[in-house]
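Chemist: Got start.csv for you, CSV, N, CA and C atoms:
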```
chain,number,residue,atom,x,y,z
A,1,GLN,N,95.8,102.4,98.4
A,1,GLN,CA,97.1,102.7,98.9
A,1,GLN,C,97.7,101.5,99.6
A,2,VAL,N,99.0,101.2,99.3
A,2,VAL,CA,99.7,100.1,99.8
A,2,VAL,C,100.0,100.4,101.3
A,3,GLN,N,99.8,99.4,102.1
A,3,GLN,CA,100.2,99.5,103.5
A,3,GLN,C,101.0,98.3,103.9
A,4,LEU,N,101.7,98.4,105.0
A,4,LEU,CA,102.5,97.3,105.5
A,4,LEU,C,101.7,96.6,106.6
A,5,VAL,N,101.8,95.3,106.7
A,5,VAL,CA,101.1,94.6,107.7
A,5,VAL,C,102.1,93.8,108.5
A,6,GLU,N,102.2,94.0,109.8
A,6,GLU,CA,103.1,93.3,110.7
A,6,GLU,C,102.4,92.2,111.4
A,7,SER,N,103.1,91.2,111.7
A,7,SER,CA,102.6,90.1,112.5
A,7,SER,C,103.7,89.4,113.3
A,8,GLY,N,103.3,88.6,114.3
A,8,GLY,CA,104.3,87.8,115.0
A,8,GLY,C,104.5,88.3,116.4
A,9,GLY,N,103.9,89.4,116.8
A,9,GLY,CA,104.2,89.9,118.2
A,9,GLY,C,103.5,89.0,119.2
A,10,GLY,N,103.7,89.3,120.5
A,10,GLY,CA,103.1,88.5,121.5
A,10,GLY,C,103.7,88.7,122.9
A,11,LEU,N,103.2,87.9,123.8
A,11,LEU,CA,103.7,88.0,125.2
A,11,LEU,C,104.7,86.9,125.5
A,12,VAL,N,105.9,87.2,125.8
A,12,VAL,CA,106.9,86.2,126.1
A,12,VAL,C,107.7,86.5,127.4
A,13,GLN,N,108.5,85.5,127.8
A,13,GLN,CA,109.3,85.7,129.0
A,13,GLN,C,110.7,86.2,128.6
A,14,ALA,N,111.4,86.8,129.5
A,14,ALA,CA,112.8,87.2,129.2
A,14,ALA,C,113.6,86.0,128.8
A,15,GLY,N,114.4,86.2,127.8
A,15,GLY,CA,115.2,85.2,127.2
A,15,GLY,C,114.6,84.4,126.0
A,16,ASP,N,113.3,84.6,125.8
A,16,ASP,CA,112.6,83.9,124.7
A,16,ASP,C,112.9,84.6,123.4
A,17,SER,N,112.4,84.0,122.4
A,17,SER,CA,112.5,84.6,121.0
A,17,SER,C,111.2,84.8,120.3
A,18,LEU,N,111.2,85.7,119.4
A,18,LEU,CA,110.0,85.9,118.5
A,18,LEU,C,110.5,86.2,117.1
A,19,ARG,N,109.7,86.0,116.1
A,19,ARG,CA,110.0,86.4,114.8
A,19,ARG,C,108.8,87.3,114.3
A,20,LEU,N,109.1,88.5,114.0
A,20,LEU,CA,108.1,89.4,113.4
A,20,LEU,C,108.2,89.3,111.9
A,21,SER,N,107.1,89.5,111.2
A,21,SER,CA,107.0,89.5,109.8
A,21,SER,C,106.3,90.8,109.3
A,22,CYS,N,106.7,91.2,108.1
A,22,CYS,CA,106.1,92.4,107.6
A,22,CYS,C,105.9,92.2,106.1
A,23,ALA,N,104.7,92.4,105.6
A,23,ALA,CA,104.4,92.2,104.2
A,23,ALA,C,103.5,93.4,103.7
A,24,PRO,N,103.6,93.7,102.5
A,24,PRO,CA,102.6,94.8,101.9
A,24,PRO,C,101.2,94.2,101.8
A,25,SER,N,100.2,95.1,101.9
A,25,SER,CA,98.8,94.6,101.8
A,25,SER,C,98.5,94.2,100.4
A,26,VAL,N,99.2,94.7,99.5
A,26,VAL,CA,99.1,94.3,98.1
A,26,VAL,C,100.4,93.8,97.6
A,27,ARG,N,100.4,92.7,96.9
A,27,ARG,CA,101.6,92.0,96.5
A,27,ARG,C,102.3,92.9,95.4
A,28,ILE,N,103.3,93.6,95.9
A,28,ILE,CA,104.1,94.5,95.0
A,28,ILE,C,105.5,94.2,95.2
A,29,SER,N,106.3,94.7,94.3
A,29,SER,CA,107.8,94.6,94.4
A,29,SER,C,108.3,95.6,95.4
A,30,THR,N,108.9,95.2,96.5
A,30,THR,CA,109.4,96.2,97.5
A,30,THR,C,110.9,96.1,97.5
A,31,ARG,N,111.5,96.8,96.6
A,31,ARG,CA,113.0,96.7,96.5
A,31,ARG,C,113.7,97.8,97.2
A,32,GLY,N,113.0,98.6,97.9
A,32,GLY,CA,113.7,99.7,98.6
A,32,GLY,C,114.1,99.2,100.0
A,33,THR,N,114.6,100.1,100.8
A,33,THR,CA,115.0,99.8,102.1
A,33,THR,C,113.8,99.4,103.0
A,34,MET,N,114.0,98.5,103.8
A,34,MET,CA,113.0,98.1,104.8
A,34,MET,C,113.6,98.2,106.2
A,35,ALA,N,112.7,98.6,107.2
A,35,ALA,CA,113.3,98.8,108.5
A,35,ALA,C,112.2,98.5,109.5
A,36,TRP,N,112.7,98.3,110.8
A,36,TRP,CA,111.9,98.2,111.9
A,36,TRP,C,112.2,99.3,112.9
A,37,PHE,N,111.1,99.9,113.4
A,37,PHE,CA,111.2,100.8,114.5
A,37,PHE,C,110.4,100.3,115.7
A,38,ARG,N,110.5,100.9,116.8
A,38,ARG,CA,109.7,100.5,118.0
A,38,ARG,C,109.4,101.7,118.8
A,39,ARG,N,108.3,101.6,119.6
A,39,ARG,CA,107.9,102.7,120.5
A,39,ARG,C,107.5,102.0,121.8
A,40,ALA,N,108.3,102.3,122.8
A,40,ALA,CA,107.9,101.8,124.2
A,40,ALA,C,107.0,102.8,124.8
A,41,PRO,N,106.2,102.3,125.8
A,41,PRO,CA,105.3,103.2,126.5
A,41,PRO,C,105.9,104.5,127.0
A,42,GLY,N,105.4,105.6,126.7
A,42,GLY,CA,105.9,106.9,127.2
A,42,GLY,C,107.2,107.3,126.5
A,43,GLN,N,107.7,106.6,125.5
A,43,GLN,CA,108.9,107.0,124.9
A,43,GLN,C,108.7,107.3,123.4
A,44,GLU,N,109.8,107.9,122.8
A,44,GLU,CA,109.8,108.3,121.4
A,44,GLU,C,110.0,107.0,120.6
A,45,ARG,N,109.5,107.0,119.4
A,45,ARG,CA,109.8,105.9,118.4
A,45,ARG,C,111.3,105.9,118.2
A,46,GLU,N,111.9,104.7,118.2
A,46,GLU,CA,113.3,104.6,117.9
A,46,GLU,C,113.6,103.5,116.9
A,47,PHE,N,114.7,103.7,116.2
A,47,PHE,CA,115.2,102.8,115.2
A,47,PHE,C,115.6,101.5,115.8
A,48,VAL,N,115.3,100.4,115.2
A,48,VAL,CA,115.7,99.1,115.6
A,48,VAL,C,116.7,98.4,114.6
A,49,ALA,N,116.3,98.3,113.3
A,49,ALA,CA,117.1,97.6,112.3
A,49,ALA,C,116.6,98.0,110.9
A,50,ALA,N,117.5,98.0,110.0
A,50,ALA,CA,117.2,98.2,108.6
A,50,ALA,C,118.0,97.3,107.7
A,51,ILE,N,117.4,97.1,106.5
A,51,ILE,CA,118.1,96.3,105.5
A,51,ILE,C,117.9,96.9,104.1
A,52,SER,N,119.0,96.9,103.3
A,52,SER,CA,118.9,97.5,102.0
A,52,SER,C,118.1,96.7,101.1
A,53,GLY,N,117.8,97.2,99.9
A,53,GLY,CA,117.0,96.5,98.9
A,53,GLY,C,117.6,95.2,98.5
A,54,SER,N,118.9,95.2,98.3
A,54,SER,CA,119.6,94.0,97.9
A,54,SER,C,119.9,93.0,99.0
A,55,ALA,N,119.6,93.5,100.3
A,55,ALA,CA,119.9,92.7,101.5
A,55,ALA,C,121.4,92.7,101.8
A,56,ALA,N,122.2,93.4,101.0
A,56,ALA,CA,123.6,93.4,101.2
A,56,ALA,C,124.1,94.1,102.5
A,57,ASP,N,123.3,95.1,102.9
A,57,ASP,CA,123.6,95.9,104.0
A,57,ASP,C,122.5,95.9,105.1
A,58,THR,N,123.0,95.7,106.3
A,58,THR,CA,122.0,95.7,107.5
A,58,THR,C,122.6,96.6,108.5
A,59,TYR,N,121.7,97.2,109.3
A,59,TYR,CA,122.0,98.2,110.3
A,59,TYR,C,121.2,97.9,111.5
A,60,TYR,N,121.8,98.1,112.7
A,60,TYR,CA,121.1,97.8,113.9
A,60,TYR,C,121.4,98.9,115.0
A,61,ALA,N,120.4,99.1,115.8
A,61,ALA,CA,120.6,99.9,117.0
A,61,ALA,C,121.6,99.2,117.9
A,62,ASP,N,122.4,99.9,118.7
A,62,ASP,CA,123.3,99.3,119.6
A,62,ASP,C,122.6,98.4,120.6
A,63,SER,N,121.4,98.8,121.0
A,63,SER,CA,120.7,98.1,122.1
A,63,SER,C,120.2,96.7,121.6
A,64,VAL,N,120.2,96.4,120.3
A,64,VAL,CA,119.7,95.1,119.8
A,64,VAL,C,120.8,94.4,119.1
A,65,LYS,N,121.9,95.0,118.8
A,65,LYS,CA,123.0,94.3,118.1
A,65,LYS,C,123.4,93.1,118.7
A,66,GLY,N,123.5,92.0,117.9
A,66,GLY,CA,123.9,90.7,118.4
A,66,GLY,C,122.7,89.9,119.0
A,67,ARG,N,121.5,90.5,119.1
A,67,ARG,CA,120.3,89.8,119.6
A,67,ARG,C,119.2,89.7,118.5
A,68,PHE,N,119.1,90.8,117.8
A,68,PHE,CA,118.1,90.8,116.7
A,68,PHE,C,118.7,90.6,115.3
A,69,ALA,N,118.0,90.1,114.4
A,69,ALA,CA,118.5,90.0,113.0
A,69,ALA,C,117.3,90.3,112.1
A,70,ILE,N,117.7,91.2,111.1
A,70,ILE,CA,116.7,91.5,110.1
A,70,ILE,C,117.0,90.8,108.8
A,71,ALA,N,116.0,90.4,108.1
A,71,ALA,CA,116.2,89.7,106.8
A,71,ALA,C,115.0,90.0,105.9
A,72,ARG,N,115.2,89.7,104.6
A,72,ARG,CA,114.1,89.9,103.7
A,72,ARG,C,114.1,88.8,102.7
A,73,ASP,N,112.9,88.5,102.2
A,73,ASP,CA,112.7,87.6,101.1
A,73,ASP,C,112.0,88.3,100.0
A,74,ASN,N,112.7,88.8,99.1
A,74,ASN,CA,112.1,89.6,98.1
A,74,ASN,C,111.1,88.9,97.2
A,75,ALA,N,111.3,87.6,97.1
A,75,ALA,CA,110.3,86.8,96.3
A,75,ALA,C,109.0,86.8,97.0
A,76,LYS,N,109.0,86.8,98.3
A,76,LYS,CA,107.7,86.8,99.1
A,76,LYS,C,107.3,88.2,99.5
A,77,THR,N,108.1,89.2,99.1
A,77,THR,CA,108.0,90.6,99.5
A,77,THR,C,107.8,90.7,101.0
A,78,THR,N,108.5,89.9,101.8
A,78,THR,CA,108.3,89.9,103.2
A,78,THR,C,109.6,90.2,103.9
A,79,THR,N,109.6,91.0,104.9
A,79,THR,CA,110.7,91.3,105.8
A,79,THR,C,110.5,90.8,107.1
A,80,TYR,N,111.6,90.3,107.7
A,80,TYR,CA,111.5,89.6,109.0
A,80,TYR,C,112.4,90.3,110.0
A,81,LEU,N,112.0,90.2,111.3
A,81,LEU,CA,112.9,90.6,112.4
A,81,LEU,C,112.9,89.5,113.4
A,82,GLN,N,114.0,88.8,113.5
A,82,GLN,CA,114.2,87.8,114.5
A,82,GLN,C,114.7,88.4,115.8
A,83,LEU,N,113.9,88.2,116.9
A,83,LEU,CA,114.2,88.8,118.2
A,83,LEU,C,114.6,87.7,119.1
A,84,ASN,N,115.9,87.6,119.5
A,84,ASN,CA,116.4,86.6,120.4
A,84,ASN,C,116.8,87.3,121.7
A,85,SER,N,116.9,86.4,122.8
A,85,SER,CA,117.4,86.9,124.1
A,85,SER,C,116.6,88.1,124.5
A,86,LEU,N,115.3,88.1,124.4
A,86,LEU,CA,114.5,89.2,124.7
A,86,LEU,C,114.5,89.6,126.1
A,87,ARG,N,114.5,90.9,126.3
A,87,ARG,CA,114.6,91.6,127.6
A,87,ARG,C,113.3,92.4,127.9
A,88,PRO,N,113.0,92.6,129.2
A,88,PRO,CA,111.8,93.4,129.5
A,88,PRO,C,111.8,94.8,128.8
A,89,GLU,N,113.0,95.4,128.6
A,89,GLU,CA,113.2,96.7,128.0
A,89,GLU,C,112.9,96.6,126.5
A,90,ASP,N,112.8,95.5,125.9
A,90,ASP,CA,112.4,95.3,124.5
A,90,ASP,C,110.9,95.5,124.3
A,91,THR,N,110.1,95.5,125.4
A,91,THR,CA,108.7,95.7,125.3
A,91,THR,C,108.3,97.0,124.6
A,92,ALA,N,107.6,96.9,123.5
A,92,ALA,CA,107.2,98.0,122.7
A,92,ALA,C,106.3,97.6,121.6
A,93,VAL,N,105.7,98.6,120.9
A,93,VAL,CA,105.0,98.3,119.6
A,93,VAL,C,106.1,98.4,118.5
A,94,TYR,N,106.2,97.4,117.7
A,94,TYR,CA,107.2,97.3,116.7
A,94,TYR,C,106.5,97.6,115.3
A,95,TYR,N,107.1,98.6,114.6
A,95,TYR,CA,106.6,99.0,113.4
A,95,TYR,C,107.5,98.7,112.2
A,96,CYS,N,106.9,98.3,111.1
A,96,CYS,CA,107.7,98.0,109.9
A,96,CYS,C,107.5,99.3,109.0
A,97,ALA,N,108.6,99.6,108.3
A,97,ALA,CA,108.6,100.8,107.4
A,97,ALA,C,109.4,100.5,106.1
A,98,SER,N,108.9,101.2,105.1
A,98,SER,CA,109.7,101.0,103.8
A,98,SER,C,110.1,102.4,103.3
A,99,GLY,N,111.2,102.4,102.6
A,99,GLY,CA,111.7,103.7,102.0
A,99,GLY,C,112.3,103.4,100.7
A,100,GLY,N,113.0,104.4,100.2
A,100,GLY,CA,113.7,104.3,98.9
A,100,GLY,C,115.1,103.7,99.1
A,101,ARG,N,116.0,104.1,98.2
A,101,ARG,CA,117.4,103.8,98.3
A,101,ARG,C,118.2,104.9,99.0
A,102,PHE,N,118.9,104.6,100.0
A,102,PHE,CA,119.6,105.7,100.7
A,102,PHE,C,121.1,105.7,100.3
A,103,ALA,N,121.6,107.0,100.3
A,103,ALA,CA,123.0,107.2,99.9
A,103,ALA,C,123.9,107.2,101.0
A,104,SER,N,123.4,107.4,102.2
A,104,SER,CA,124.3,107.4,103.4
A,104,SER,C,123.9,106.5,104.5
A,105,ARG,N,124.8,106.0,105.3
A,105,ARG,CA,124.5,105.1,106.4
A,105,ARG,C,123.5,105.8,107.4
A,106,ARG,N,123.7,107.1,107.6
A,106,ARG,CA,122.9,107.8,108.6
A,106,ARG,C,121.4,107.8,108.2
A,107,ALA,N,121.2,107.8,106.9
A,107,ALA,CA,119.8,107.9,106.4
A,107,ALA,C,118.9,106.7,106.8
A,108,TYR,N,119.6,105.6,107.0
A,108,TYR,CA,118.8,104.4,107.4
A,108,TYR,C,118.2,104.5,108.8
A,109,TYR,N,118.8,105.3,109.6
A,109,TYR,CA,118.4,105.4,111.0
A,109,TYR,C,117.3,106.4,111.3
A,110,SER,N,116.9,107.2,110.3
A,110,SER,CA,116.0,108.3,110.5
A,110,SER,C,114.6,107.9,110.0
A,111,SER,N,113.6,108.0,110.9
A,111,SER,CA,112.2,107.6,110.5
A,111,SER,C,111.6,108.5,109.5
A,112,GLY,N,112.1,109.7,109.4
A,112,GLY,CA,111.6,110.6,108.4
A,112,GLY,C,111.9,110.2,106.9
A,113,ASN,N,112.8,109.3,106.8
A,113,ASN,CA,113.2,108.8,105.4
A,113,ASN,C,112.3,107.7,104.9
A,114,TYR,N,111.4,107.2,105.7
A,114,TYR,CA,110.5,106.1,105.4
A,114,TYR,C,109.1,106.6,105.1
A,115,ASP,N,108.5,106.2,104.0
A,115,ASP,CA,107.3,106.8,103.6
A,115,ASP,C,106.1,105.9,103.7
A,116,THR,N,106.3,104.6,104.0
A,116,THR,CA,105.1,103.7,104.2
A,116,THR,C,105.4,103.0,105.5
A,117,TRP,N,104.3,102.9,106.3
A,117,TRP,CA,104.4,102.3,107.7
A,117,TRP,C,103.3,101.3,107.9
A,118,GLY,N,103.5,100.4,108.8
A,118,GLY,CA,102.5,99.5,109.2
A,118,GLY,C,101.8,100.0,110.5
A,119,GLN,N,100.8,99.3,111.0
A,119,GLN,CA,100.1,99.7,112.2
A,119,GLN,C,100.8,99.2,113.4
A,120,GLY,N,101.7,98.3,113.3
A,120,GLY,CA,102.5,97.9,114.5
A,120,GLY,C,102.0,96.6,115.1
A,121,THR,N,102.9,95.9,115.7
A,121,THR,CA,102.6,94.7,116.5
A,121,THR,C,103.2,94.8,117.8
A,122,GLN,N,102.5,94.4,118.9
A,122,GLN,CA,102.9,94.5,120.2
A,122,GLN,C,103.8,93.4,120.6
A,123,VAL,N,104.9,93.7,121.2
A,123,VAL,CA,105.8,92.7,121.8
A,123,VAL,C,105.9,93.1,123.3
A,124,THR,N,105.6,92.1,124.1
A,124,THR,CA,105.7,92.3,125.6
A,124,THR,C,106.5,91.2,126.2
A,125,VAL,N,107.6,91.6,126.9
A,125,VAL,CA,108.5,90.7,127.5
A,125,VAL,C,108.4,90.8,129.0
A,126,SER,N,108.0,89.7,129.7
A,126,SER,CA,107.9,89.7,131.1
A,126,SER,C,109.2,89.2,131.8
A,127,SER,N,109.5,89.7,132.9
A,127,SER,CA,110.7,89.3,133.6
A,127,SER,C,110.5,88.1,134.5
```
Kindly transcribe the structure held in the file into structure tokens.

Modeler:
Amino acid sequence: QVQLVESGGGLVQAGDSLRLSCAPSVRISTRGTMAWFRRAPGQEREFVAAISGSAADTYYADSVKGRFAIARDNAKTTTYLQLNSLRPEDTAVYYCASGGRFASRRAYYSSGNYDTWGQGTQVTVSS
């Protein structure tokens, strides 16, 4: 079974940057939607960002818009999440997820529409 593997998390200070990466455990073509979600301690998992298969469309949570950027390299079957201007409230486990092609904007934001997930990578931002 194909899984997603995240990397790039770590402990940083407020204002620093990180780049998270996500790749499938087996080299396959991942042309569907890719997304990042996160779960902070004691909170529900929340949407962070998503990118369509063609990379033509990207979506962001309001809390990260202008600070985070999602990108994908289909040749390397890797999806990235660039985290800039990190804040303590960005502290969470970040999960990569893949899904199919979505017909509506709203579908990108729902975790239930993604069928493959990674184990997560911890991002901790100190003040």

Chemist: Give one line per residue of range 70-122 of chain A that approaches range 39-42 of chain A to at most 6.5 Å, naming the two atoms of the closest pair and their distance in Å to one decimal, counting only N, CA and C atoms; sort by chain then ascending residue number and deliver it as CSV.

Modeler:
```
residue,atom,partner,partner_atom,distance
A:Thr91,C,A:Ala40,CA,4.8
A:Ala92,CA,A:Arg39,C,4.1
A:Val93,N,A:Arg39,C,4.0
A:Tyr94,N,A:Arg39,N,5.1
A:Tyr95,N,A:Arg39,N,6.0
```

Chemist: Can you write just those residues out, N, CA and C atoms, as an mmCIF file, in the coordinates of the input?

Modeler:
```cif
data_model
loop_
_atom_site.group_PDB
_atom_site.id
_atom_site.type_symbol
_atom_site.label_atom_id
_atom_site.label_comp_id
_atom_site.auth_asym_id
_atom_site.auth_seq_id
_atom_site.Cartn_x
_atom_site.Cartn_y
_atom_site.Cartn_z
ATOM 1 N N THR A 91 110.100 95.500 125.400
ATOM 2 C CA THR A 91 108.700 95.700 125.300
ATOM 3 C C THR A 91 108.300 97.000 124.600
ATOM 4 N N ALA A 92 107.600 96.900 123.500
ATOM 5 C CA ALA A 92 107.200 98.000 122.700
ATOM 6 C C ALA A 92 106.300 97.600 121.600
ATOM 7 N N VAL A 93 105.700 98.600 120.900
ATOM 8 C CA VAL A 93 105.000 98.300 119.600
ATOM 9 C C VAL A 93 106.100 98.400 118.500
ATOM 10 N N TYR A 94 106.200 97.400 117.700
ATOM 11 C CA TYR A 94 107.200 97.300 116.700
ATOM 12 C C TYR A 94 106.500 97.600 115.300
ATOM 13 N N TYR A 95 107.100 98.600 114.600
ATOM 14 C CA TYR A 95 106.600 99.000 113.400
ATOM 15 C C TYR A 95 107.500 98.700 112.200
#
```

Chemist: Take atom C of Arg101 in chain A and CA of Ala75 in chain A and report the distance between them in Å, one decimal.

Modeler: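 One can read the atom C of Arg101 in chain A to CA of Ala75 in chain A distance as 19.9 Å.
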
Chemist: When you draw a straight line from atom C of Leu4 in chain A to CA of Val26 in chain A, how long is it in Å?

Modeler: 9.2 Å

Chemist: With a distance cut-off of 6 Å and all atoms listed in the file, select the neighbouring residues of Ser126 in chain A, excluding the residue or stretch itself and same-chain residues fewer than 5 positions from it, and output the selection as a list in words.

Modeler: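 Surrounding residues, per the criterion: Val12, Gln13, Ala14 and Pro88 of chain A.
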
Chemist: Mind pulling up the distance from atom C of Ser7 in chain A to atom C of Val64 in chain A?

Modeler: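 We find that atom C of Val64 in chain A and atom C of Ser7 in chain A lie 18.7 Å from each other.
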
Chemist: Find the spatial neighbours of Ile70 in chain A, counting only C-alpha atoms, within a cut-off of 7 Å - ignore same-chain residues fewer than 4 positions away - and output them as number ranges by chain.

Modeler: A: 49-51, 80-82

Chemist: What residues have an atom no more than 8 Å from (115.4, 105.6, 100.8) in the file's own frame, counting only C-alpha atoms, and can you write them as a short mmCIF file (atom, residue, chain, number, x, y, z; two decimals) with N, CA and C atoms, in the coordinates of the input?

Modeler:
```
data_model
loop_
_atom_site.label_atom_id
_atom_site.label_comp_id
_atom_site.auth_asym_id
_atom_site.auth_seq_id
_atom_site.Cartn_x
_atom_site.Cartn_y
_atom_site.Cartn_z
N GLY A 32 113.00 98.60 97.90
CA GLY A 32 113.70 99.70 98.60
C GLY A 32 114.10 99.20 100.00
N THR A 33 114.60 100.10 100.80
CA THR A 33 115.00 99.80 102.10
C THR A 33 113.80 99.40 103.00
N SER A 98 108.90 101.20 105.10
CA SER A 98 109.70 101.00 103.80
C SER A 98 110.10 102.40 103.30
N GLY A 99 111.20 102.40 102.60
CA GLY A 99 111.70 103.70 102.00
C GLY A 99 112.30 103.40 100.70
N GLY A 100 113.00 104.40 100.20
CA GLY A 100 113.70 104.30 98.90
C GLY A 100 115.10 103.70 99.10
N ARG A 101 116.00 104.10 98.20
CA ARG A 101 117.40 103.80 98.30
C ARG A 101 118.20 104.90 99.00
N PHE A 102 118.90 104.60 100.00
CA PHE A 102 119.60 105.70 100.70
C PHE A 102 121.10 105.70 100.30
N ALA A 103 121.60 107.00 100.30
CA ALA A 103 123.00 107.20 99.90
C ALA A 103 123.90 107.20 101.00
N ALA A 107 121.20 107.80 106.90
CA ALA A 107 119.80 107.90 106.40
C ALA A 107 118.90 106.70 106.80
N TYR A 108 119.60 105.60 107.00
CA TYR A 108 118.80 104.40 107.40
C TYR A 108 118.20 104.50 108.80
N ASN A 113 112.80 109.30 106.80
CA ASN A 113 113.20 108.80 105.40
C ASN A 113 112.30 107.70 104.90
N TYR A 114 111.40 107.20 105.70
CA TYR A 114 110.50 106.10 105.40
C TYR A 114 109.10 106.60 105.10
#
```

Chemist: Calculated over only C-alpha atoms, which of the candidates A:Gly9, A:Gly120, A:Gly53, A:Gly112 has the smallest distance to Asn74 in chain A?

Modeler: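 Among the listed residues, the smallest separation from Asn74 in chain A belongs to A:Gly53.
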
Chemist: Using all atoms listed in the file, pick whichever of A:Arg38, A:Ala97, A:Asp16, A:Gln43 has the shortest atom-to-atom distance to Asp115 in chain A.

Modeler: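 Checking each candidate against Asp115 in chain A, we get A:Ala97 as the closest.
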
Chemist: Taking into account only C-alpha atoms, which residue in the set A:Thr116, A:Gly10, A:Arg31, A:Ser17 is nearest to Lys76 in chain A?

Modeler: A:Arg31

Chemist: In range 5-113 of chain A, what's strand (DSSP E) per DSSP? Answer as a PyMOL selection string?

Modeler: chain A and resi 5-7+10-13+18-24+34-39+46-51+58-60+68-73+78-83+92-99

Chemist: With a distance cut-off of 6 Å and all atoms listed in the file, select the neighbouring residues of Tyr109 in chain A, excluding the residue or stretch itself and same-chain residues fewer than 3 positions from it, and output the selection as a ChimeraX atom specification.

Modeler: /A:47,105-106

Chemist: With only N, CA and C atoms as the atoms that count, which of A:Cys96, A:Val48, A:Val2, A:Ala55 lies nearest to Ala71 in chain A?

Modeler: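 Of the candidates, the smallest distance to Ala71 in chain A is held by A:Ala55.
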
Chemist: With distances taken over only C-alpha atoms, which of A:Ser85, A:Glu44, A:Gln3, A:Val123 is nearest to Phe68 in chain A?

Modeler: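 Counting only C-alpha atoms, the residue closest to Phe68 in chain A is A:Ser85.
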
Chemist: In terms of the shortest atom-to-atom distance over all atoms listed in the file, which of A:Ser104, A:Asn84, A:Ala56, A:Trp117 is closest to Ala69 in chain A?

Modeler: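 Under the stated criterion, the closest residue is A:Asn84.
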